[in-house]
file start-v1.txt (compact mmCIF, C-alpha atoms)
# COMPACT_ATOMS: atom_id res chain seq x y z
CA MET A 6 29.54 4.92 -8.25
CA ILE A 7 28.09 3.49 -11.45
CA GLU A 8 31.48 2.69 -13.03
CA MET A 9 32.45 0.66 -9.95
CA ILE A 10 29.51 -1.74 -10.25
CA GLU A 11 30.53 -5.17 -11.48
CA PRO A 12 28.70 -6.72 -14.48
CA SER A 13 27.39 -9.54 -12.29
CA MET A 14 25.88 -7.01 -9.90
CA MET A 15 24.25 -5.17 -12.80
CA ILE A 16 22.68 -8.47 -13.95
CA ILE A 17 21.34 -9.09 -10.46
CA LEU A 18 19.95 -5.54 -10.28
CA GLY A 19 18.31 -6.06 -13.66
CA LEU A 20 16.63 -9.27 -12.52
CA VAL A 21 15.50 -7.60 -9.28
CA ALA A 22 14.09 -4.71 -11.29
CA PHE A 23 12.26 -7.07 -13.68
CA ALA A 24 10.67 -8.95 -10.75
CA ALA A 25 9.79 -5.66 -9.07
CA GLY A 26 8.12 -4.38 -12.24
CA PHE A 27 6.04 -7.55 -12.54
CA ILE A 28 4.95 -7.46 -8.88
CA ASP A 29 4.27 -3.71 -9.00
CA ALA A 30 2.04 -4.01 -12.07
CA VAL A 31 0.04 -6.81 -10.48
CA ALA A 32 -0.25 -5.78 -6.85
CA GLY A 33 2.07 -2.89 -6.04
CA GLY A 34 5.07 -2.89 -3.75
CA GLY A 35 7.87 -3.28 -6.28
CA GLY A 36 9.80 -0.50 -4.56
CA MET A 37 10.31 -2.83 -1.61
CA LEU A 38 12.72 -4.74 -3.84
CA THR A 39 14.40 -1.94 -5.75
CA VAL A 40 15.09 0.49 -2.90
CA PRO A 41 17.03 -2.06 -0.78
CA ALA A 42 18.87 -3.16 -3.92
CA LEU A 43 20.01 0.42 -4.56
CA LEU A 44 20.95 0.94 -0.92
CA SER A 45 23.05 -2.23 -1.06
CA LEU A 46 25.33 -0.47 -3.58
CA GLY A 47 26.21 2.08 -0.93
CA LEU A 48 24.15 4.90 -2.42
CA PRO A 49 23.07 7.60 0.07
CA PRO A 50 19.36 7.23 0.99
CA HIS A 51 18.35 10.42 -0.84
CA ILE A 52 20.08 9.28 -4.03
CA ALA A 53 18.62 5.78 -3.71
CA LEU A 54 15.08 7.18 -3.36
CA GLY A 55 15.53 9.57 -6.28
CA THR A 56 17.06 6.91 -8.53
CA ASN A 57 14.26 4.52 -7.61
CA LYS A 58 11.71 7.15 -8.69
CA LEU A 59 13.33 7.34 -12.11
CA ALA A 60 13.25 3.56 -12.50
CA ALA A 61 9.75 3.22 -11.02
CA THR A 62 8.33 5.77 -13.45
CA PHE A 63 9.10 3.39 -16.31
CA ALA A 64 7.13 0.60 -14.66
CA SER A 65 4.16 2.66 -13.51
CA SER A 66 3.77 4.38 -16.89
CA THR A 67 3.80 1.03 -18.71
CA ALA A 68 1.27 -0.54 -16.33
CA ALA A 69 -1.00 2.53 -16.29
CA TRP A 70 -1.09 2.72 -20.09
CA THR A 71 -1.89 -1.01 -20.33
CA TYR A 72 -4.83 -0.74 -17.91
CA TYR A 73 -6.07 2.38 -19.71
CA ARG A 74 -6.00 0.70 -23.13
CA LYS A 75 -8.02 -2.19 -21.69
CA GLN A 76 -10.61 0.38 -20.50
CA LEU A 77 -10.01 -0.46 -16.83
CA PHE A 78 -9.31 3.15 -15.91
CA SER A 79 -11.23 6.37 -16.67
CA PRO A 80 -8.99 9.47 -16.29
CA SER A 81 -11.86 11.98 -16.41
CA PHE A 82 -13.64 10.32 -13.49
CA TRP A 83 -10.57 10.60 -11.23
CA ARG A 84 -9.50 14.21 -11.89
CA ALA A 85 -9.60 15.10 -8.18
CA SER A 86 -7.38 12.11 -7.38
CA PHE A 87 -4.83 13.26 -9.97
CA ALA A 88 -4.64 16.77 -8.50
CA ALA A 89 -4.49 15.58 -4.90
CA THR A 90 -1.78 13.01 -5.66
CA LEU A 91 0.32 15.61 -7.49
CA PHE A 92 0.24 18.09 -4.60
CA GLY A 93 0.86 15.35 -2.04
CA ALA A 94 3.87 13.98 -3.93
CA ILE A 95 5.49 17.41 -4.21
CA GLY A 96 5.06 17.97 -0.48
CA GLY A 97 6.41 14.55 0.47
CA THR A 98 9.49 14.86 -1.74
CA LEU A 99 10.34 18.29 -0.33
CA VAL A 100 9.99 16.98 3.22
CA VAL A 101 12.62 14.29 2.49
CA ASP A 102 15.23 17.05 2.53
CA LEU A 103 13.95 18.50 5.81
CA ILE A 104 13.42 15.61 8.23
CA SER A 105 14.77 12.18 9.08
CA THR A 106 12.68 9.26 7.84
CA ALA A 107 14.06 6.80 10.40
CA TRP A 108 10.71 6.55 12.20
CA LEU A 109 9.12 5.22 9.01
CA GLU A 110 11.40 2.17 9.14
CA LYS A 111 9.66 0.98 12.31
CA ALA A 112 6.12 2.09 11.48
CA LEU A 113 5.98 0.82 7.89
CA PRO A 114 6.10 -2.93 8.66
CA LEU A 115 3.12 -2.54 11.00
CA VAL A 116 1.15 -0.67 8.34
CA ILE A 117 1.89 -3.29 5.67
CA LEU A 118 0.94 -6.14 8.01
CA ALA A 119 -2.36 -4.36 8.59
CA VAL A 120 -2.82 -4.16 4.81
CA ALA A 121 -2.13 -7.88 4.48
CA ILE A 122 -4.62 -8.78 7.23
CA TYR A 123 -7.24 -6.50 5.69
CA THR A 124 -6.73 -8.03 2.25
CA ILE A 125 -7.10 -11.58 3.58
CA TRP A 126 -10.24 -10.98 5.64
CA HIS A 127 -12.05 -8.19 3.77
CA PRO A 128 -14.71 -9.50 1.34
CA HIS A 129 -13.99 -8.29 -2.18
CA PRO A 130 -16.51 -7.82 -5.01
CA LYS A 131 -16.76 -10.91 -7.17
CA GLY A 132 -17.16 -11.44 -10.90
CA ASN A 133 -16.42 -8.86 -13.57
CA SER A 134 -18.39 -5.91 -12.23
CA TYR A 135 -16.35 -2.79 -12.99
CA LYS A 136 -18.90 -0.18 -11.87
CA LEU A 137 -17.60 3.21 -10.80
CA PRO A 138 -19.00 4.82 -7.62
CA SER A 139 -21.65 7.55 -7.93
CA ARG A 140 -20.38 11.11 -8.27
CA CYS A 141 -21.04 13.14 -5.13
CA ARG A 142 -19.36 15.53 -2.73
CA LYS A 143 -18.31 12.70 -0.44
CA LEU A 144 -16.57 10.94 -3.33
CA THR A 145 -14.53 14.08 -4.07
CA GLN A 146 -13.57 14.38 -0.41
CA LYS A 147 -12.39 10.77 -0.39
CA GLN A 148 -10.32 11.36 -3.53
CA TRP A 149 -8.58 14.41 -2.05
CA LEU A 150 -7.86 12.71 1.28
CA GLN A 151 -6.60 9.51 -0.34
CA GLY A 152 -4.61 11.23 -3.09
CA THR A 153 -2.94 13.76 -0.81
CA SER A 154 -1.94 11.24 1.85
CA LEU A 155 -0.70 8.50 -0.51
CA GLY A 156 0.95 11.03 -2.82
CA PHE A 157 2.74 12.51 0.20
CA TYR A 158 3.91 9.07 1.33
CA ASP A 159 5.12 8.17 -2.16
CA GLY A 160 7.14 11.37 -2.31
CA LEU A 161 8.52 10.86 1.20
CA ALA A 162 9.40 7.16 0.99
CA GLY A 163 7.59 5.23 -1.75
CA PRO A 164 7.85 1.47 -1.17
CA GLY A 165 4.44 -0.18 -0.95
CA THR A 166 2.50 2.78 -2.37
CA GLY A 167 0.92 0.71 -5.14
CA ALA A 168 -0.29 -1.85 -2.62
CA PHE A 169 -1.74 0.88 -0.41
CA TRP A 170 -3.53 2.38 -3.41
CA THR A 171 -5.03 -0.95 -4.43
CA VAL A 172 -6.42 -1.90 -1.03
CA SER A 173 -7.67 1.63 -0.24
CA ASN A 174 -9.41 1.79 -3.64
CA MET A 175 -11.35 -1.36 -2.75
CA ALA A 176 -12.17 -0.06 0.74
CA LEU A 177 -13.21 3.47 -0.26
CA TYR A 178 -14.92 2.88 -3.61
CA ARG A 179 -15.89 -0.81 -3.48
CA LEU A 180 -14.01 -1.43 -6.73
CA ASP A 181 -13.26 -4.87 -8.11
CA ILE A 182 -9.61 -5.71 -7.48
CA LEU A 183 -8.75 -5.52 -11.19
CA MET A 184 -10.22 -2.03 -11.55
CA ALA A 185 -8.68 -1.02 -8.23
CA SER A 186 -5.29 -2.08 -9.65
CA GLY A 187 -5.85 0.02 -12.76
CA LEU A 188 -6.58 3.13 -10.69
CA ALA A 189 -3.60 2.35 -8.45
CA LYS A 190 -1.21 2.23 -11.40
CA ALA A 191 -2.42 5.55 -12.81
CA MET A 192 -2.10 7.32 -9.46
CA ASN A 193 1.25 5.67 -8.78
CA PHE A 194 2.52 6.99 -12.11
CA THR A 195 1.27 10.48 -11.19
CA SER A 196 3.14 10.55 -7.88
CA ASN A 197 6.22 8.87 -9.37
CA MET A 198 6.53 11.42 -12.16
CA THR A 199 5.87 14.37 -9.85
CA SER A 200 8.36 13.13 -7.27
CA LEU A 201 10.88 12.33 -10.01
CA ILE A 202 10.82 15.90 -11.30
CA THR A 203 11.22 17.25 -7.76
CA PHE A 204 14.12 14.86 -7.01
CA ALA A 205 15.78 15.88 -10.29
CA ILE A 206 15.57 19.55 -9.34
CA LEU A 207 17.12 18.70 -5.96
CA GLY A 208 19.90 16.70 -7.70
CA HIS A 209 19.12 13.38 -5.99
CA ILE A 210 19.20 11.01 -9.01
CA ASN A 211 21.81 8.65 -10.48
CA PHE A 212 20.48 8.75 -14.05
CA ALA A 213 22.66 5.98 -15.52
CA LEU A 214 21.62 3.46 -12.89
CA GLY A 215 18.00 4.63 -12.83
CA LEU A 216 17.60 4.28 -16.61
CA THR A 217 19.20 0.83 -16.62
CA MET A 218 16.86 -0.48 -13.92
CA GLY A 219 13.95 1.39 -15.48
CA ILE A 220 14.15 -0.60 -18.71
CA CYS A 221 14.04 -3.88 -16.77
CA LEU A 222 11.17 -2.59 -14.62
CA MET A 223 9.27 -1.61 -17.75
CA MET A 224 9.56 -5.11 -19.22
CA GLY A 225 8.41 -6.69 -15.97
CA ALA A 226 5.51 -4.25 -15.70
CA TYR A 227 4.36 -5.01 -19.25
CA ILE A 228 4.21 -8.75 -18.59
CA GLY A 229 2.72 -8.25 -15.12
CA ALA A 230 -0.09 -5.95 -16.26
CA HIS A 231 -1.09 -8.26 -19.13
CA SER A 232 -0.99 -11.26 -16.80
CA ALA A 233 -3.24 -9.51 -14.30
CA ILE A 234 -5.75 -8.50 -16.98
CA ARG A 235 -5.76 -11.95 -18.57
CA PHE A 236 -6.12 -14.02 -15.40
CA GLY A 237 -8.16 -11.56 -13.30
CA ALA A 238 -8.74 -11.50 -9.55
CA LYS A 239 -7.92 -15.18 -9.09
CA PHE A 240 -4.38 -14.35 -10.21
CA ILE A 241 -4.04 -10.91 -8.62
CA ARG A 242 -5.25 -11.57 -5.09
CA PRO A 243 -2.81 -14.41 -4.18
CA VAL A 244 0.10 -12.42 -5.63
CA PHE A 245 -1.04 -9.32 -3.78
CA VAL A 246 -1.41 -11.05 -0.42
CA THR A 247 1.90 -12.89 -0.84
CA ALA A 248 3.69 -9.69 -1.82
CA VAL A 249 2.49 -7.60 1.12
CA ILE A 250 3.23 -10.36 3.66
CA VAL A 251 6.75 -10.91 2.32
CA LEU A 252 7.40 -7.18 2.22
CA ALA A 253 6.09 -6.71 5.76
CA VAL A 254 8.28 -9.47 7.16
CA LYS A 255 11.32 -8.14 5.28
CA LEU A 256 10.79 -4.60 6.55
CA ALA A 257 10.06 -5.73 10.09
CA TRP A 258 13.28 -7.76 10.18
CA GLN A 259 15.33 -4.80 8.92
CA ALA A 260 13.70 -2.25 11.22
CA TRP A 261 13.32 -4.16 14.48
CA PHE A 262 16.09 -6.77 14.40
call {"tool": "encode", "arguments": {"input": "start-v1.txt", "output": "C-alpha cells"}}
result
Amino acid sequence: MIEMIEPSMMIILGLVAFAAGFIDAVAGGGGMLTVPALLSLGLPPHIALGTNKLAATFASSTAAWTYYRKQLFSPSFWRASFAATLFGAIGGTLVVDLISTAWLEKALPLVILAVAIYTIWHPHPKGNSYKLPSRCRKLTQKQWLQGTSLGFYDGLAGPGTGAFWTVSNMALYRLDILMASGLAKAMNFTSNMTSLITFAILGHINFALGLTMGICLMMGAYIGAHSAIRFGAKFIRPVFVTAVIVLAVKLAWQAWF
C-alpha cells in the first residue's frame, strides 16, 4: 500500500498530521483528522487504527514531555490514573478484534456535541491557579473510573480521547484548563503507547506510513504545546471549543448522512 501512495498524497498526509499534532497538543482530538486520512488511502479499519496509534504516540509523547518540563503535570500524584488507563487501553484494543465498532460511528458525534456544549456553558477556573485536588479515597475512585473508561475507549477507537480527557479533568478535579491539558496529554500518551504495543502484537500497523505521519505529528505537537503554555486559557479554550464542534459535525455527517 505504501509504495502506491503518490508524493502529493504524502505531502497532504504530512500537513494533515502536522495540523492534527498541533490541535491534539492544545485541545485533543487530532485523531479525528488522522484516522479519516488513513482510511481514505483504502487501509482496512484495523490497520488504520493501529497505524494511527503509532503516529499519535509521537505527538502525545512530545506534548506530555513539554507539559511535564513546564511543571504542569505531576506523575506521582496521578499513579492510579496511569494504572487504570493502561489496563483500560489493553482491554479496548483487544476488543477491537472481537466486535464491530459500527455503533460507535453513530454514538460518537452525540458524545462530542455534548462535550462541546459542556465546554461552552460550564464555568472554568480563572487565573493561574494550578492547585491539585486533595488526596482521598474518592479521588482514587475517580481516577480509576476515568482512566479505565477513557483508556478503554482510546484502545477501542481513539479519536477525541484527548478532548474527553481535558473536559473530564476539569469536571472531576476542578483543574484549570491548562493543567487539565497537561494531565490529558500524559494519560493520552499512556493509552497510546499501551494500545500501540497491543496493535503491534496483533500485526495491525503499517510502520512506514505511521512513522512518516508520526514525525509530522510530533512537530505539530511541539508547536501546539508551547503555544498553549505561552498563551494560556485564552488561547486554549477557543481552539478546544472550535475543535470539538468541527469534529462533532464531521462525524455526524459521516455517520448519519
call {"tool": "closest_residue", "arguments": {"input": "start-v1.txt", "among": "A:Arg140, A:Arg74, A:Arg179, A:His51", "to": "Leu103 of chain A", "atoms": "only C-alpha atoms"}}
result
A:His51
call {"tool": "closest_atom_pairs", "arguments": {"input": "start-v1.txt", "of": "segment 24-114 of chain A", "to": "segment 204-223 of chain A", "cutoff": "12 Å", "atoms": "only C-alpha atoms", "output": "Markdown table"}}
result
| residue | atom | partner | partner_atom | distance |
| --- | --- | --- | --- | --- |
| A:Ala24 | CA | A:Leu222 | CA | 7.5 |
| A:Ala25 | CA | A:Leu222 | CA | 6.5 |
| A:Gly26 | CA | A:Leu222 | CA | 4.3 |
| A:Phe27 | CA | A:Leu222 | CA | 7.4 |
| A:Ile28 | CA | A:Leu222 | CA | 9.8 |
| A:Asp29 | CA | A:Leu222 | CA | 9.0 |
| A:Ala30 | CA | A:Met223 | CA | 9.5 |
| A:Gly35 | CA | A:Leu222 | CA | 9.0 |
| A:Gly36 | CA | A:Leu222 | CA | 10.4 |
| A:Leu38 | CA | A:Leu222 | CA | 11.1 |
| A:Thr39 | CA | A:Met218 | CA | 8.7 |
| A:Val40 | CA | A:Gly215 | CA | 11.1 |
| A:Ala42 | CA | A:Met218 | CA | 10.5 |
| A:Leu43 | CA | A:Leu214 | CA | 9.0 |
| A:Leu46 | CA | A:Leu214 | CA | 10.8 |
| A:Leu48 | CA | A:Asn211 | CA | 9.2 |
| A:Pro49 | CA | A:His209 | CA | 9.3 |
| A:Pro50 | CA | A:His209 | CA | 9.3 |
| A:His51 | CA | A:His209 | CA | 6.0 |
| A:Ile52 | CA | A:His209 | CA | 4.6 |
| A:Ala53 | CA | A:Ile210 | CA | 7.5 |
| A:Leu54 | CA | A:His209 | CA | 7.9 |
| A:Gly55 | CA | A:Ile210 | CA | 4.8 |
| A:Thr56 | CA | A:Ile210 | CA | 4.6 |
| A:Asn57 | CA | A:Gly215 | CA | 6.4 |
| A:Lys58 | CA | A:Gly215 | CA | 7.9 |
| A:Leu59 | CA | A:Gly215 | CA | 5.4 |
| A:Ala60 | CA | A:Gly219 | CA | 3.8 |
| A:Ala61 | CA | A:Gly219 | CA | 6.4 |
| A:Thr62 | CA | A:Gly219 | CA | 7.4 |
| A:Phe63 | CA | A:Met223 | CA | 5.2 |
| A:Ala64 | CA | A:Met223 | CA | 4.4 |
| A:Ser65 | CA | A:Met223 | CA | 7.9 |
| A:Ser66 | CA | A:Met223 | CA | 8.2 |
| A:Thr67 | CA | A:Met223 | CA | 6.1 |
| A:Ala68 | CA | A:Met223 | CA | 8.2 |
| A:Ala69 | CA | A:Met223 | CA | 11.2 |
| A:Trp70 | CA | A:Met223 | CA | 11.5 |
| A:Thr71 | CA | A:Met223 | CA | 11.5 |
| A:Ala94 | CA | A:Phe204 | CA | 10.7 |
| A:Ile95 | CA | A:Phe204 | CA | 9.4 |
| A:Gly96 | CA | A:Phe204 | CA | 11.6 |
| A:Gly97 | CA | A:Phe204 | CA | 10.7 |
| A:Thr98 | CA | A:Phe204 | CA | 7.0 |
| A:Leu99 | CA | A:Phe204 | CA | 8.4 |
| A:Val100 | CA | A:Phe204 | CA | 11.2 |
| A:Val101 | CA | A:Phe204 | CA | 9.6 |
| A:Asp102 | CA | A:Leu207 | CA | 8.9 |
call {"tool": "write_last_selection", "arguments": {"input": "start-v1.txt", "atoms": "C-alpha atoms", "output": "PDB file, keeping the file's coordinate frame"}}
result
ATOM      1  CA  ALA A  24      10.670  -8.950 -10.750  1.00  0.00           C
ATOM      2  CA  ALA A  25       9.790  -5.660  -9.070  1.00  0.00           C
ATOM      3  CA  GLY A  26       8.120  -4.380 -12.240  1.00  0.00           C
ATOM      4  CA  PHE A  27       6.040  -7.550 -12.540  1.00  0.00           C
ATOM      5  CA  ILE A  28       4.950  -7.460  -8.880  1.00  0.00           C
ATOM      6  CA  ASP A  29       4.270  -3.710  -9.000  1.00  0.00           C
ATOM      7  CA  ALA A  30       2.040  -4.010 -12.070  1.00  0.00           C
ATOM      8  CA  GLY A  35       7.870  -3.280  -6.280  1.00  0.00           C
ATOM      9  CA  GLY A  36       9.800  -0.500  -4.560  1.00  0.00           C
ATOM     10  CA  LEU A  38      12.720  -4.740  -3.840  1.00  0.00           C
ATOM     11  CA  THR A  39      14.400  -1.940  -5.750  1.00  0.00           C
ATOM     12  CA  VAL A  40      15.090   0.490  -2.900  1.00  0.00           C
ATOM     13  CA  ALA A  42      18.870  -3.160  -3.920  1.00  0.00           C
ATOM     14  CA  LEU A  43      20.010   0.420  -4.560  1.00  0.00           C
ATOM     15  CA  LEU A  46      25.330  -0.470  -3.580  1.00  0.00           C
ATOM     16  CA  LEU A  48      24.150   4.900  -2.420  1.00  0.00           C
ATOM     17  CA  PRO A  49      23.070   7.600   0.070  1.00  0.00           C
ATOM     18  CA  PRO A  50      19.360   7.230   0.990  1.00  0.00           C
ATOM     19  CA  HIS A  51      18.350  10.420  -0.840  1.00  0.00           C
ATOM     20  CA  ILE A  52      20.080   9.280  -4.030  1.00  0.00           C
ATOM     21  CA  ALA A  53      18.620   5.780  -3.710  1.00  0.00           C
ATOM     22  CA  LEU A  54      15.080   7.180  -3.360  1.00  0.00           C
ATOM     23  CA  GLY A  55      15.530   9.570  -6.280  1.00  0.00           C
ATOM     24  CA  THR A  56      17.060   6.910  -8.530  1.00  0.00           C
ATOM     25  CA  ASN A  57      14.260   4.520  -7.610  1.00  0.00           C
ATOM     26  CA  LYS A  58      11.710   7.150  -8.690  1.00  0.00           C
ATOM     27  CA  LEU A  59      13.330   7.340 -12.110  1.00  0.00           C
ATOM     28  CA  ALA A  60      13.250   3.560 -12.500  1.00  0.00           C
ATOM     29  CA  ALA A  61       9.750   3.220 -11.020  1.00  0.00           C
ATOM     30  CA  THR A  62       8.330   5.770 -13.450  1.00  0.00           C
ATOM     31  CA  PHE A  63       9.100   3.390 -16.310  1.00  0.00           C
ATOM     32  CA  ALA A  64       7.130   0.600 -14.660  1.00  0.00           C
ATOM     33  CA  SER A  65       4.160   2.660 -13.510  1.00  0.00           C
ATOM     34  CA  SER A  66       3.770   4.380 -16.890  1.00  0.00           C
ATOM     35  CA  THR A  67       3.800   1.030 -18.710  1.00  0.00           C
ATOM     36  CA  ALA A  68       1.270  -0.540 -16.330  1.00  0.00           C
ATOM     37  CA  ALA A  69      -1.000   2.530 -16.290  1.00  0.00           C
ATOM     38  CA  TRP A  70      -1.090   2.720 -20.090  1.00  0.00           C
ATOM     39  CA  THR A  71      -1.890  -1.010 -20.330  1.00  0.00           C
ATOM     40  CA  ALA A  94       3.870  13.980  -3.930  1.00  0.00           C
ATOM     41  CA  ILE A  95       5.490  17.410  -4.210  1.00  0.00           C
ATOM     42  CA  GLY A  96       5.060  17.970  -0.480  1.00  0.00           C
ATOM     43  CA  GLY A  97       6.410  14.550   0.470  1.00  0.00           C
ATOM     44  CA  THR A  98       9.490  14.860  -1.740  1.00  0.00           C
ATOM     45  CA  LEU A  99      10.340  18.290  -0.330  1.00  0.00           C
ATOM     46  CA  VAL A 100       9.990  16.980   3.220  1.00  0.00           C
ATOM     47  CA  VAL A 101      12.620  14.290   2.490  1.00  0.00           C
ATOM     48  CA  ASP A 102      15.230  17.050   2.530  1.00  0.00           C
TER      49      ASP A 102
END
call {"tool": "atom_distance", "arguments": {"input": "start-v1.txt", "atom1": "atom CA of Val172 of chain A", "atom2": "atom CA of Gln259 of chain A"}}
result
24.1 Å
call {"tool": "closest_residue", "arguments": {"input": "start-v1.txt", "among": "A:Ile202, A:Ala226, A:Leu180, A:Leu77", "to": "Ser139 of chain A", "atoms": "only C-alpha atoms"}}
result
A:Leu180
call {"tool": "residues_around", "arguments": {"input": "start-v1.txt", "residues": "Gln76 of chain A", "least_positions_apart": "2", "cutoff": "12 Å", "atoms": "all atoms listed in the file", "output": "PyMOL selection string"}}
result
chain A and resi 69-74+78-80+135-136+183-184+187-188+234
call {"tool": "atom_distance", "arguments": {"input": "start-v1.txt", "atom1": "atom CA of Lys143 of chain A", "atom2": "atom CA of Asn193 of chain A"}}
result
22.4 Å
call {"tool": "atom_distance", "arguments": {"input": "start-v1.txt", "atom1": "atom CA of Gly167 of chain A", "atom2": "atom CA of Ala189 of chain A"}}
result
5.8 Å
